[in-house]
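Enquirer: start_8.txt is the file, holding compact mmCIF, C-alpha atoms:
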```
# COMPACT_ATOMS: atom_id res chain seq x y z
CA MET A 1 0.00 0.00 0.00
CA ASN A 2 1.45 3.36 -0.99
CA PRO A 3 1.96 6.07 1.70
CA PHE A 4 -0.93 8.20 0.42
CA LYS A 5 -3.42 5.30 0.64
CA LYS A 6 -2.12 4.50 4.13
CA TYR A 7 -2.61 8.14 5.13
CA CYS A 8 -6.21 8.17 3.76
CA LEU A 9 -7.05 4.95 5.55
CA PHE A 10 -5.60 6.26 8.81
CA LEU A 11 -7.55 9.53 8.41
CA SER A 12 -10.85 7.76 7.68
CA VAL A 13 -10.42 5.43 10.67
CA LEU A 14 -9.73 8.48 12.82
CA LEU A 15 -12.59 10.60 11.51
CA LEU A 16 -15.41 8.12 10.98
CA PRO A 17 -16.41 7.77 14.62
CA ALA A 18 -16.42 11.56 14.98
CA LEU A 19 -18.67 11.95 11.93
CA SER A 20 -21.16 9.39 13.11
CA VAL A 21 -21.53 10.73 16.68
CA GLY A 22 -25.20 11.42 17.29
CA GLN A 23 -26.26 9.54 14.15
CA GLU A 24 -25.54 6.06 15.43
CA LEU A 25 -28.58 3.93 16.20
CA LYS A 26 -28.52 2.02 19.46
CA PRO A 27 -31.25 0.17 21.37
CA MET A 28 -33.59 2.56 23.19
CA ALA A 29 -32.66 2.75 26.87
CA ASP A 30 -36.14 3.52 28.27
CA THR A 31 -38.96 2.44 25.95
CA SER A 32 -41.76 2.93 28.49
CA ALA A 33 -40.70 6.55 29.13
CA PHE A 34 -40.80 7.17 25.37
CA VAL A 35 -44.27 5.60 24.96
CA LYS A 36 -45.58 7.55 27.97
CA GLY A 37 -44.08 10.79 26.62
CA LEU A 38 -45.73 10.16 23.25
CA ASP A 39 -49.09 9.59 24.96
CA GLN A 40 -48.76 12.92 26.79
CA PHE A 41 -47.80 14.67 23.55
CA SER A 42 -50.85 13.18 21.87
CA GLU A 43 -53.21 14.37 24.62
CA SER A 44 -51.91 17.93 24.43
CA THR A 45 -51.78 18.22 20.62
CA GLN A 46 -54.76 19.27 18.52
CA THR A 47 -53.01 20.51 15.37
CA ILE A 48 -49.58 20.34 13.73
CA GLN A 49 -48.38 22.24 10.71
CA GLY A 50 -44.99 22.52 9.09
CA ASP A 51 -42.85 22.12 6.01
CA PHE A 52 -41.72 18.86 4.52
CA ILE A 53 -38.97 17.83 2.14
CA GLN A 54 -39.34 14.46 0.49
CA GLU A 55 -36.37 12.68 -1.02
CA LYS A 56 -37.00 9.71 -3.27
CA LYS A 57 -33.98 7.57 -4.11
CA LEU A 58 -34.31 5.51 -7.28
CA LYS A 59 -31.81 2.69 -7.30
CA MET A 60 -32.25 1.91 -10.99
CA LEU A 61 -31.52 5.45 -12.14
CA ASN A 62 -29.13 6.30 -9.32
CA ASP A 63 -31.13 9.50 -8.97
CA LYS A 64 -32.75 11.50 -6.22
CA VAL A 65 -36.09 13.19 -6.58
CA ILE A 66 -36.81 16.08 -4.25
CA SER A 67 -40.36 17.22 -3.49
CA LYS A 68 -41.26 20.05 -1.12
CA GLY A 69 -44.40 21.35 0.48
CA LYS A 70 -46.46 21.93 3.60
CA LEU A 71 -48.28 19.48 5.85
CA TYR A 72 -51.29 20.23 8.04
CA PHE A 73 -52.81 17.89 10.61
CA LYS A 74 -55.93 18.41 12.69
CA LYS A 75 -57.37 15.95 15.17
CA GLU A 76 -58.82 13.38 14.86
CA ASN A 77 -57.91 12.40 11.33
CA LYS A 78 -57.53 15.33 8.98
CA LEU A 79 -54.38 15.73 6.89
CA ARG A 80 -53.43 18.03 4.05
CA TRP A 81 -50.28 17.49 1.94
CA GLU A 82 -49.63 20.61 -0.10
CA TYR A 83 -46.88 19.96 -2.64
CA ASP A 84 -45.12 22.98 -4.15
CA GLU A 85 -42.38 21.07 -6.00
CA PRO A 86 -41.79 19.40 -8.44
CA PHE A 87 -45.33 20.49 -9.29
CA SER A 88 -48.15 22.00 -7.32
CA TYR A 89 -50.90 19.73 -6.05
CA ILE A 90 -52.81 19.00 -2.85
CA ILE A 91 -53.94 15.77 -1.25
CA ALA A 92 -56.44 16.06 1.60
CA LEU A 93 -57.66 13.32 3.92
CA ASN A 94 -60.79 14.11 5.84
CA ASN A 95 -62.36 11.42 8.02
CA GLY A 96 -61.31 8.59 5.70
CA LYS A 97 -62.13 10.39 2.45
CA VAL A 98 -59.16 11.15 0.18
CA MET A 99 -59.29 13.96 -2.37
CA MET A 100 -56.68 15.36 -4.71
CA LYS A 101 -56.45 18.77 -6.39
CA ASP A 102 -54.22 19.04 -9.43
CA GLU A 103 -54.19 22.13 -11.67
CA GLY A 104 -57.45 23.30 -10.14
CA LYS A 105 -59.18 19.99 -10.81
CA VAL A 106 -60.46 17.97 -7.84
CA THR A 107 -60.37 14.22 -8.23
CA GLY A 108 -60.72 11.17 -6.04
CA TYR A 109 -57.46 9.48 -5.12
CA ASP A 110 -56.55 6.09 -6.55
CA ALA A 111 -56.14 4.07 -3.38
CA GLY A 112 -55.16 0.93 -5.31
CA THR A 113 -51.89 2.39 -6.55
CA ASN A 114 -51.18 4.52 -3.50
CA LYS A 115 -51.20 1.98 -0.71
CA LEU A 116 -47.85 3.17 0.64
CA PHE A 117 -49.11 6.75 0.79
CA LEU A 118 -52.34 5.74 2.55
CA GLU A 119 -50.38 3.58 4.97
CA LEU A 120 -48.06 6.49 5.73
CA ASN A 121 -51.02 8.75 6.47
CA ASP A 122 -52.50 6.13 8.74
CA ILE A 123 -49.16 5.87 10.56
CA LEU A 124 -48.80 9.65 10.95
CA ILE A 125 -52.35 10.01 12.24
CA THR A 126 -51.95 7.17 14.73
CA CYS A 127 -48.57 8.60 15.81
CA ILE A 128 -50.20 11.89 16.74
CA ASN A 129 -53.25 10.19 18.21
CA GLY A 130 -50.98 8.00 20.32
CA ASN A 131 -52.17 4.66 18.94
CA ILE A 132 -49.22 3.76 16.74
CA PHE A 133 -47.67 1.14 19.00
CA ARG A 134 -51.00 -0.63 19.39
CA SER A 135 -50.98 -1.43 15.68
CA LYS A 136 -51.12 -5.12 14.85
CA LYS A 137 -49.92 -4.53 11.29
CA PHE A 138 -46.26 -4.12 12.27
CA SER A 139 -43.59 -5.49 14.52
CA PHE A 140 -41.62 -2.76 16.30
CA ARG A 141 -38.00 -2.26 17.24
CA PHE A 142 -37.16 0.72 19.45
CA LEU A 143 -33.85 2.49 18.93
CA GLU A 144 -32.38 5.90 19.60
CA THR A 145 -29.78 8.40 18.51
CA ASP A 146 -28.60 11.39 20.55
CA LYS A 147 -31.36 13.57 19.08
CA SER A 148 -34.15 11.12 18.23
CA ASN A 149 -36.19 8.25 19.53
CA VAL A 150 -36.56 5.80 16.68
CA ALA A 151 -39.28 3.25 15.94
CA GLU A 152 -38.48 0.74 13.23
CA MET A 153 -41.62 -0.87 11.86
CA THR A 154 -41.67 -4.07 9.83
CA PRO A 155 -44.96 -5.14 8.22
CA LEU A 156 -46.43 -8.45 9.35
CA ASN A 157 -49.03 -8.71 6.61
CA SER A 158 -47.73 -10.37 3.42
CA ALA A 159 -49.82 -8.07 1.17
CA MET A 160 -48.20 -5.04 2.79
CA LYS A 161 -44.74 -6.62 2.45
CA ASN A 162 -45.21 -6.33 -1.33
CA PHE A 163 -44.88 -2.57 -1.18
CA ILE A 164 -43.18 -1.81 2.16
CA ASP A 165 -40.04 -3.44 3.40
CA ARG A 166 -39.55 -1.25 6.44
CA ILE A 167 -40.66 2.11 7.86
CA VAL A 168 -38.48 4.00 10.31
CA LEU A 169 -39.94 6.87 12.33
CA TYR A 170 -37.67 9.42 13.99
CA PHE A 171 -39.25 11.29 16.93
CA ASP A 172 -37.59 14.49 18.11
CA LYS A 173 -36.44 13.93 21.70
CA THR A 174 -37.28 17.53 22.65
CA ASP A 175 -40.97 17.59 21.71
CA PHE A 176 -41.97 14.04 20.54
CA THR A 177 -42.94 15.25 17.06
CA VAL A 178 -41.98 13.13 14.03
CA SER A 179 -38.95 14.74 12.42
CA LYS A 180 -38.13 12.13 9.79
CA VAL A 181 -39.76 9.10 8.15
CA GLU A 182 -37.80 6.59 6.09
CA MET A 183 -39.70 4.15 3.91
CA MET A 184 -37.87 1.29 2.24
CA GLU A 185 -39.54 -0.51 -0.64
CA PRO A 186 -38.76 -4.13 -1.61
CA SER A 187 -37.36 -2.72 -4.90
CA GLN A 188 -34.68 -1.04 -2.77
CA ASN A 189 -36.05 2.35 -3.71
CA SER A 190 -36.57 4.51 -0.65
CA THR A 191 -38.45 7.63 0.38
CA ILE A 192 -37.26 9.87 3.18
CA ILE A 193 -39.47 12.70 4.43
CA PHE A 194 -38.06 15.42 6.66
CA PHE A 195 -40.47 17.58 8.68
CA LYS A 196 -39.31 21.07 9.56
CA ASN A 197 -40.58 24.37 11.04
CA LYS A 198 -43.29 22.54 13.00
CA LYS A 199 -45.96 24.57 14.79
CA LEU A 200 -48.12 22.86 17.39
CA ASN A 201 -51.72 23.78 18.20
CA ALA A 202 -51.95 26.76 15.83
CA ASP A 203 -55.42 27.33 14.40
CA ILE A 204 -55.94 25.55 11.07
CA PRO A 205 -59.17 26.44 9.24
CA GLU A 206 -61.53 23.55 8.49
CA LYS A 207 -61.55 24.53 4.78
CA TYR A 208 -57.94 23.28 4.46
CA PHE A 209 -59.29 19.75 4.52
CA ILE A 210 -62.08 20.28 2.03
CA LEU A 211 -61.13 20.45 -1.64
CA ASN A 212 -63.54 21.92 -4.15
CA MET B 1 -53.08 54.46 -29.97
CA HIS B 2 -50.64 53.21 -32.59
CA ARG B 3 -48.17 52.11 -29.85
CA PHE B 4 -50.98 50.38 -28.00
CA LEU B 5 -51.99 48.54 -31.16
CA ASN B 6 -48.35 47.52 -31.77
CA CYS B 7 -48.04 46.16 -28.23
CA PHE B 8 -51.39 44.46 -28.56
CA ASN B 9 -50.39 42.94 -31.90
CA LYS B 10 -47.08 41.74 -30.41
CA LEU B 11 -48.89 40.14 -27.50
CA ILE B 12 -51.43 38.60 -29.80
CA SER B 13 -48.72 37.36 -32.15
CA GLN B 14 -46.85 35.62 -29.29
CA HIS B 15 -50.05 33.94 -28.15
CA ARG B 16 -51.01 33.28 -31.75
CA LEU B 17 -47.71 31.55 -32.44
CA ALA B 18 -48.39 29.02 -29.71
CA GLU B 19 -52.03 28.73 -30.74
CA ILE B 20 -51.15 28.33 -34.40
CA ARG B 21 -48.70 25.55 -33.52
CA VAL B 22 -51.34 23.71 -31.52
CA LEU B 23 -53.88 24.34 -34.29
CA LEU B 24 -51.50 23.05 -36.98
CA LEU B 25 -50.78 20.01 -34.86
CA PHE B 26 -54.50 19.45 -34.42
CA CYS B 27 -55.05 19.79 -38.18
CA LEU B 28 -52.17 17.37 -38.81
CA ILE B 29 -53.64 14.88 -36.37
CA SER B 30 -57.21 15.32 -37.58
CA PHE B 31 -56.94 15.54 -41.30
CA ALA B 32 -53.52 14.98 -42.80
CA SER B 33 -53.38 11.32 -42.10
CA CYS B 34 -57.02 10.31 -41.96
CA THR B 35 -56.70 8.78 -45.37
CA PRO B 36 -53.05 7.87 -45.69
CA LYS B 37 -51.75 7.30 -49.16
CA ALA B 38 -50.31 3.91 -49.86
CA PHE B 39 -47.13 3.15 -47.98
CA LYS B 40 -45.81 1.26 -50.97
CA ASN B 41 -43.06 2.30 -53.37
CA LEU B 42 -41.58 4.95 -51.13
CA ASN B 43 -38.04 6.13 -51.73
CA SER B 44 -35.41 5.53 -49.11
CA ALA B 45 -34.14 8.62 -47.25
CA GLY B 46 -30.84 9.20 -49.00
CA ALA B 47 -27.44 10.31 -47.84
CA ALA B 48 -28.86 13.59 -46.51
CA PHE B 49 -30.71 11.73 -43.74
CA SER B 50 -29.37 12.12 -40.22
CA ARG B 51 -30.50 9.97 -37.28
CA GLU B 52 -31.69 13.03 -35.35
CA GLN B 53 -34.52 13.47 -37.84
CA THR B 54 -36.34 10.47 -36.42
CA GLU B 55 -35.18 10.75 -32.80
CA LEU B 56 -37.86 12.04 -30.46
CA PHE B 57 -35.39 11.85 -27.57
CA ARG B 58 -32.00 13.12 -28.65
CA SER B 59 -28.95 11.08 -27.78
CA GLY B 60 -26.38 12.33 -25.29
CA LEU B 61 -28.86 12.64 -22.44
CA LYS B 62 -26.81 13.00 -19.26
CA GLU B 63 -29.51 13.61 -16.65
CA SER B 64 -32.88 11.98 -16.13
CA LEU B 65 -35.89 13.71 -17.58
CA VAL B 66 -38.88 13.93 -15.25
CA TYR B 67 -42.35 14.19 -16.73
CA LYS B 68 -45.60 14.87 -14.99
CA THR B 69 -47.77 12.18 -16.54
CA VAL B 70 -51.54 12.37 -16.68
CA ILE B 71 -53.27 9.23 -17.87
CA ASN B 72 -56.81 9.59 -19.17
CA TYR B 73 -58.58 6.31 -19.72
CA LYS B 74 -62.24 6.53 -20.72
CA ASP B 75 -63.60 8.89 -18.05
CA LYS B 76 -60.87 8.26 -15.47
CA GLU B 77 -57.84 10.42 -14.82
CA PHE B 78 -54.68 9.43 -13.00
CA SER B 79 -51.59 11.55 -12.27
CA SER B 80 -48.12 10.12 -12.00
CA LEU B 81 -44.45 10.84 -12.69
CA THR B 82 -42.25 9.31 -15.37
CA TYR B 83 -38.46 9.24 -15.11
CA PHE B 84 -36.51 8.63 -18.25
CA ASN B 85 -32.80 8.15 -18.76
CA VAL B 86 -30.38 6.43 -21.08
CA LEU B 87 -27.55 3.98 -20.50
CA ASN B 88 -24.84 3.78 -23.18
CA ASP B 89 -27.13 5.32 -25.82
CA SER B 90 -28.70 1.91 -26.39
CA VAL B 91 -30.64 1.01 -23.23
CA PHE B 92 -33.30 3.39 -21.96
CA LYS B 93 -34.57 3.28 -18.41
CA ILE B 94 -38.16 4.17 -17.59
CA ILE B 95 -39.58 4.51 -14.11
CA LEU B 96 -43.22 5.24 -13.39
CA LEU B 97 -44.08 6.61 -9.94
CA THR B 98 -47.27 7.81 -8.32
CA SER B 99 -47.28 11.56 -7.70
CA PHE B 100 -46.46 10.77 -4.07
CA GLY B 101 -43.44 8.73 -5.17
CA ASN B 102 -44.45 5.07 -4.85
CA THR B 103 -42.77 2.99 -7.53
CA LEU B 104 -45.26 1.60 -10.02
CA LEU B 105 -42.95 0.26 -12.69
CA GLU B 106 -39.24 0.08 -13.48
CA ALA B 107 -38.29 -1.08 -16.95
CA GLU B 108 -35.42 -1.06 -19.44
CA VAL B 109 -35.98 -0.96 -23.15
CA SER B 110 -33.32 -1.68 -25.76
CA ARG B 111 -33.43 -2.52 -29.48
CA THR B 112 -34.15 -6.18 -28.75
CA THR B 113 -35.44 -6.40 -25.18
CA PHE B 114 -37.99 -4.96 -22.81
CA LYS B 115 -37.01 -5.90 -19.28
CA VAL B 116 -39.38 -5.17 -16.40
CA ASN B 117 -37.31 -5.00 -13.22
CA ASN B 118 -40.15 -4.16 -10.87
CA VAL B 119 -43.87 -3.67 -11.28
CA ILE B 120 -46.75 -3.46 -8.80
CA SER B 121 -49.33 -6.22 -9.11
CA TYR B 122 -51.92 -3.65 -10.23
CA LEU B 123 -50.02 -3.06 -13.51
CA ASN B 124 -48.48 -6.50 -13.88
CA ARG B 125 -50.66 -7.59 -16.78
CA LYS B 126 -49.44 -8.63 -20.19
CA PRO B 127 -51.65 -6.24 -22.25
CA ILE B 128 -50.59 -3.24 -20.13
CA LEU B 129 -46.89 -4.09 -20.29
CA ARG B 130 -47.13 -4.79 -24.04
CA LEU B 131 -48.83 -1.44 -24.59
CA LEU B 132 -46.11 0.35 -22.62
CA GLU B 133 -43.39 -1.45 -24.57
CA ASN B 134 -45.02 -0.62 -27.92
CA ASP B 135 -45.37 3.05 -27.00
CA TRP B 136 -41.75 3.39 -25.94
CA ARG B 137 -40.51 1.44 -28.95
CA LEU B 138 -42.46 3.76 -31.22
CA MET B 139 -40.98 6.83 -29.55
CA LEU B 140 -37.46 5.39 -29.53
CA ALA B 141 -37.51 3.85 -33.03
CA GLY B 142 -35.25 6.62 -34.32
CA ASN B 143 -32.73 5.80 -31.59
CA PHE B 144 -32.85 2.05 -32.20
CA ASN B 145 -33.16 1.74 -35.98
CA ILE B 146 -30.02 1.12 -37.94
CA ALA B 147 -31.77 0.91 -41.32
CA LEU B 148 -32.64 4.02 -43.29
CA PRO B 149 -36.32 5.02 -43.19
CA ALA B 150 -38.33 5.71 -46.33
CA VAL B 151 -39.56 9.20 -47.15
CA TYR B 152 -43.35 9.34 -47.03
CA SER B 153 -43.64 12.99 -48.02
CA GLU B 154 -41.54 16.11 -48.10
CA ASP B 155 -42.06 19.85 -48.55
CA GLU B 156 -40.21 22.98 -47.45
CA LEU B 157 -41.62 22.76 -43.87
CA MET B 158 -41.73 19.08 -43.08
CA THR B 159 -40.27 15.71 -43.97
CA VAL B 160 -42.28 12.65 -43.05
CA PHE B 161 -40.21 9.49 -42.61
CA ASN B 162 -41.63 5.99 -42.57
CA TYR B 163 -40.34 2.92 -40.74
CA THR B 164 -42.09 -0.28 -41.74
CA ALA B 165 -42.42 -3.53 -39.82
CA GLY B 166 -44.84 -6.04 -41.38
CA ARG B 167 -48.28 -4.40 -41.60
CA THR B 168 -47.20 -1.58 -39.29
CA ASN B 169 -46.10 1.74 -40.70
CA ASN B 170 -44.77 4.41 -38.37
CA LEU B 171 -44.64 7.97 -39.66
CA TYR B 172 -42.24 10.49 -38.12
CA HIS B 173 -43.11 14.10 -38.96
CA TYR B 174 -39.88 16.07 -38.77
CA SER B 175 -40.25 19.85 -38.75
CA LYS B 176 -37.50 21.59 -40.67
CA ILE B 177 -38.28 24.81 -38.82
CA ASP B 178 -38.08 23.42 -35.29
CA ASN B 179 -35.50 20.76 -36.18
CA SER B 180 -37.52 18.29 -34.16
CA ILE B 181 -40.24 15.69 -34.43
CA VAL B 182 -43.70 17.20 -34.04
CA LEU B 183 -45.82 14.12 -34.66
CA ILE B 184 -45.51 10.35 -34.76
CA GLU B 185 -48.30 8.15 -36.12
CA SER B 186 -48.46 4.40 -36.03
CA PHE B 187 -50.67 2.64 -38.57
CA LYS B 188 -51.72 -0.96 -38.69
CA GLY B 189 -52.92 -1.36 -42.25
CA LYS B 190 -54.85 1.86 -42.85
CA SER B 191 -56.01 2.20 -39.29
CA ARG B 192 -54.16 4.73 -37.12
CA LYS B 193 -53.47 3.09 -33.76
CA ILE B 194 -51.12 5.44 -31.90
CA ILE B 195 -50.54 9.20 -32.14
CA VAL B 196 -47.65 10.94 -30.41
CA ALA B 197 -48.14 14.70 -30.66
CA VAL B 198 -45.31 16.99 -29.54
CA VAL B 199 -46.49 20.45 -28.52
CA SER B 200 -43.09 21.86 -27.51
CA THR B 201 -39.44 20.93 -27.04
CA LYS B 202 -36.80 22.15 -24.58
CA ASP B 203 -33.04 21.71 -25.03
CA ALA B 204 -33.85 19.46 -28.01
CA GLN B 205 -35.88 17.06 -25.82
CA PRO B 206 -39.70 16.84 -25.93
CA GLU B 207 -41.17 19.17 -23.30
CA ILE B 208 -44.93 18.70 -23.69
CA PHE B 209 -46.27 15.75 -25.63
CA SER B 210 -49.06 13.21 -25.58
CA ILE B 211 -49.48 9.58 -26.55
CA GLU B 212 -52.95 8.72 -27.72
CA HIS B 213 -54.60 5.38 -28.45
CA PRO B 214 -57.89 6.45 -30.08
CA SER B 215 -59.34 2.95 -30.24
CA LEU B 216 -58.68 2.38 -26.53
CA LYS B 217 -59.85 5.87 -25.47
CA LEU B 218 -56.50 6.21 -23.76
CA LYS B 219 -54.43 9.39 -23.69
CA ILE B 220 -51.19 9.89 -21.81
CA SER B 221 -50.10 13.53 -21.46
CA MET B 222 -46.50 14.22 -20.50
CA SER B 223 -45.05 17.56 -19.44
CA LEU B 224 -41.41 17.99 -18.55
CA LEU B 225 -40.97 19.14 -14.97
CA LYS B 226 -37.21 19.45 -14.86
CA LYS B 227 -34.02 17.53 -15.09
CA VAL B 228 -33.28 15.71 -11.86
CA SER B 229 -31.10 17.67 -9.47
CA ASN B 230 -28.31 16.19 -7.46
CA ASP B 231 -29.27 18.23 -4.37
CA THR B 232 -29.25 16.43 -1.09
CA VAL B 233 -31.62 17.26 1.68
CA GLU B 234 -29.43 16.68 4.70
```
Show the structure stored in the file as structure tokens.
Expert:
Amino acid sequence: MNPFKKYCLFLSVLLLPALSVGQELKPMADTSAFVKGLDQFSESTQTIQGDFIQEKKLKMLNDKVISKGKLYFKKENKLRWEYDEPFSYIIALNNGKVMMKDEGKVTGYDAGTNKLFLELNDILITCINGNIFRSKKFSFRFLETDKSNVAEMTPLNSAMKNFIDRIVLYFDKTDFTVSKVEMMEPSQNSTIIFFKNKKLNADIPEKYFILN
Amino acid sequence: MHRFLNCFNKLISQHRLAEIRVLLLFCLISFASCTPKAFKNLNSAGAAFSREQTELFRSGLKESLVYKTVINYKDKEFSSLTYFNVLNDSVFKIILLTSFGNTLLEAEVSRTTFKVNNVISYLNRKPILRLLENDWRLMLAGNFNIALPAVYSEDELMTVFNYTAGRTNNLYHYSKIDNSIVLIESFKGKSRKIIVAVVSTKDAQPEIFSIEHPSLKLKISMSLLKKVSNDTVE
């Protein structure tokens, strides 16, 4: 091995642990405290709004697709995904009904081809409502990093395994909100959604969840 | 008043240009090929022919093209995203995603093969996959064909090239003004089966275009969103 390669190897061995501090996943030390904290968060939260950035990694093209927008949640089960990029459209879920607005046109949402999306919404709603860990659809593994409590969810249902390999939820340790969701597909494509600028319990008009 | 009229005329002429293009395209689709002349005894495109004249997607693509894709089938409408890229100028990769980003289909098409790497059960049906393959083969025929096409017609604005395979004749309308393909028609016998209409191009690649199957009441409208960025979120 030439001296330069040796130097690079030495440097990477030295720096790698420093780079991964805080990122490293380890088993959660106190799972019951986390579940209790999430229950308390759920009781005190009526609405959440914030920005999201969605990163889709396509293995076959070796490409990343970035989408951006705003997310609104209102108890019990109202969600609005407002995409600004790569093109503008809105998906609203209101008491089990899913509607989509694209270029001013309101249409029903094709649930058959959007199972992953509907599952994600179900997960987000149950996270905020505090029921997520009662779900019988997944097995759970609880982990943590310095900044996040992490729940790794593996589907138990074989139909669901066709489109989800694994979902990993990152909960901010400071306020119990979801800060990141990673979704791995069997095709080895993945979707990561980052939630930022979150506001809790701000007033969100009812009309946000009605598309017409 | 005169200045106002000039401005107005300019504005109108810009709008008109776009309108006229769409109108011409409509006329081409509606009338020009309703009764196609015989495809027999056509002359081969001579030495002046260059491959680009039948390439809808120009070679040398370095980044993926992302299209918003709206599929209209009978009275149903479905939005999705199509990613398109090329490997070695001979294998094209196509990925279809829902607008949320779920993978619907991942396929590779080359001159001899159509390989589906991943498809959701919903779309995993032979007629659907065959239709997708035929559409992409039609659009990529200029990229795949080694043989010279025949010239179906030619005037000072347009050359129409013809690739024949058995009873199928595919016409590529090449605009000499835009230096790009504006229309592709696929005929089986005298019946027109597929129409690819290009409304605009950007950086020599199709920007807004549609693929129509009149007999199936199926229309797929594609509009280029952007080339994929290499930005990272974190």
Enquirer: Quick one: residues within 9 Å of range 133-150 of chain A, only C-alpha atoms counted, chain neighbours fewer than 2 positions away excluded, as number ranges by chain?
Expert: A: 21-29, 31, 34-35, 126-127, 130-131, 152-157, 160, 168-174, 176, 179
Enquirer: Save out the residues we just selected, C-alpha atoms, as a PDB file, in the frame of the given file.
Expert:
```pdb
ATOM      1  CA  VAL A  21     -21.530  10.730  16.680  1.00  0.00           C
ATOM      2  CA  GLY A  22     -25.200  11.420  17.290  1.00  0.00           C
ATOM      3  CA  GLN A  23     -26.260   9.540  14.150  1.00  0.00           C
ATOM      4  CA  GLU A  24     -25.540   6.060  15.430  1.00  0.00           C
ATOM      5  CA  LEU A  25     -28.580   3.930  16.200  1.00  0.00           C
ATOM      6  CA  LYS A  26     -28.520   2.020  19.460  1.00  0.00           C
ATOM      7  CA  PRO A  27     -31.250   0.170  21.370  1.00  0.00           C
ATOM      8  CA  MET A  28     -33.590   2.560  23.190  1.00  0.00           C
ATOM      9  CA  ALA A  29     -32.660   2.750  26.870  1.00  0.00           C
ATOM     10  CA  THR A  31     -38.960   2.440  25.950  1.00  0.00           C
ATOM     11  CA  PHE A  34     -40.800   7.170  25.370  1.00  0.00           C
ATOM     12  CA  VAL A  35     -44.270   5.600  24.960  1.00  0.00           C
ATOM     13  CA  THR A 126     -51.950   7.170  14.730  1.00  0.00           C
ATOM     14  CA  CYS A 127     -48.570   8.600  15.810  1.00  0.00           C
ATOM     15  CA  GLY A 130     -50.980   8.000  20.320  1.00  0.00           C
ATOM     16  CA  ASN A 131     -52.170   4.660  18.940  1.00  0.00           C
ATOM     17  CA  GLU A 152     -38.480   0.740  13.230  1.00  0.00           C
ATOM     18  CA  MET A 153     -41.620  -0.870  11.860  1.00  0.00           C
ATOM     19  CA  THR A 154     -41.670  -4.070   9.830  1.00  0.00           C
ATOM     20  CA  PRO A 155     -44.960  -5.140   8.220  1.00  0.00           C
ATOM     21  CA  LEU A 156     -46.430  -8.450   9.350  1.00  0.00           C
ATOM     22  CA  ASN A 157     -49.030  -8.710   6.610  1.00  0.00           C
ATOM     23  CA  MET A 160     -48.200  -5.040   2.790  1.00  0.00           C
ATOM     24  CA  VAL A 168     -38.480   4.000  10.310  1.00  0.00           C
ATOM     25  CA  LEU A 169     -39.940   6.870  12.330  1.00  0.00           C
ATOM     26  CA  TYR A 170     -37.670   9.420  13.990  1.00  0.00           C
ATOM     27  CA  PHE A 171     -39.250  11.290  16.930  1.00  0.00           C
ATOM     28  CA  ASP A 172     -37.590  14.490  18.110  1.00  0.00           C
ATOM     29  CA  LYS A 173     -36.440  13.930  21.700  1.00  0.00           C
ATOM     30  CA  THR A 174     -37.280  17.530  22.650  1.00  0.00           C
ATOM     31  CA  PHE A 176     -41.970  14.040  20.540  1.00  0.00           C
ATOM     32  CA  SER A 179     -38.950  14.740  12.420  1.00  0.00           C
TER      33      SER A 179
END
```
Enquirer: Residues near range 82-85 of chain A, anyone? I mean within 7 Å using all atoms listed in the file, not counting same-chain ones fewer than 3 positions away, as a PyMOL selection string.
Expert: chain A and resi 67-71+88-91
Enquirer: Tell me, in Å to one decimal, how far CA of Ala159 in chain A is from CA of Glu106 in chain B.
Expert: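 Separation of CA of Ala159 in chain A and CA of Glu106 in chain B: 19.8 Å.
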Enquirer: Can you work out which one of B:Thr54, B:Asn43, B:Thr113, B:Asn118 has the shortest atom-to-atom distance to chain A, counting all atoms listed in the file?
Expert: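 Distance minimum relative to chain A lands on B:Asn118.
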Enquirer: Neighbours of Phe49 in chain B within 12 Å (all atoms listed in the file; same-chain residues fewer than 2 positions away dropped), as a PyMOL selection string?
Expert: chain B and resi 44-47+51-55+142+147-151+159-161+174
Enquirer: Just C-alpha atoms for this one: save the residues we selected as a tab-separated table (two decimals), in the frame of the given file.
Expert:
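Written file, result21.tsv:
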```
chain	number	residue	atom	x	y	z
B	44	SER	CA	-35.41	5.53	-49.11
B	45	ALA	CA	-34.14	8.62	-47.25
B	46	GLY	CA	-30.84	9.20	-49.00
B	47	ALA	CA	-27.44	10.31	-47.84
B	51	ARG	CA	-30.50	9.97	-37.28
B	52	GLU	CA	-31.69	13.03	-35.35
B	53	GLN	CA	-34.52	13.47	-37.84
B	54	THR	CA	-36.34	10.47	-36.42
B	55	GLU	CA	-35.18	10.75	-32.80
B	142	GLY	CA	-35.25	6.62	-34.32
B	147	ALA	CA	-31.77	0.91	-41.32
B	148	LEU	CA	-32.64	4.02	-43.29
B	149	PRO	CA	-36.32	5.02	-43.19
B	150	ALA	CA	-38.33	5.71	-46.33
B	151	VAL	CA	-39.56	9.20	-47.15
B	159	THR	CA	-40.27	15.71	-43.97
B	160	VAL	CA	-42.28	12.65	-43.05
B	161	PHE	CA	-40.21	9.49	-42.61
B	174	TYR	CA	-39.88	16.07	-38.77
```
Enquirer: Can you work out the spacing between CA of Leu129 in chain B and CA of Glu185 in chain B in Å, to one decimal?
Expert: 20.1 Å
Enquirer: Using only C-alpha atoms, which protein or nucleic acid residues come within 12 Å of Lys75 in chain A? Drop anything in the same chain fewer than 3 positions from it, and give the result as a PyMOL selection string.
Expert: chain A and resi 42-49+72+78-80+93-95+124-130+200-201+203-204+206+209
Enquirer: In Å, with one decimal, what is the gap from CA of Tyr152 in chain B to CA of Lys217 in chain B?
Expert: 27.4 Å
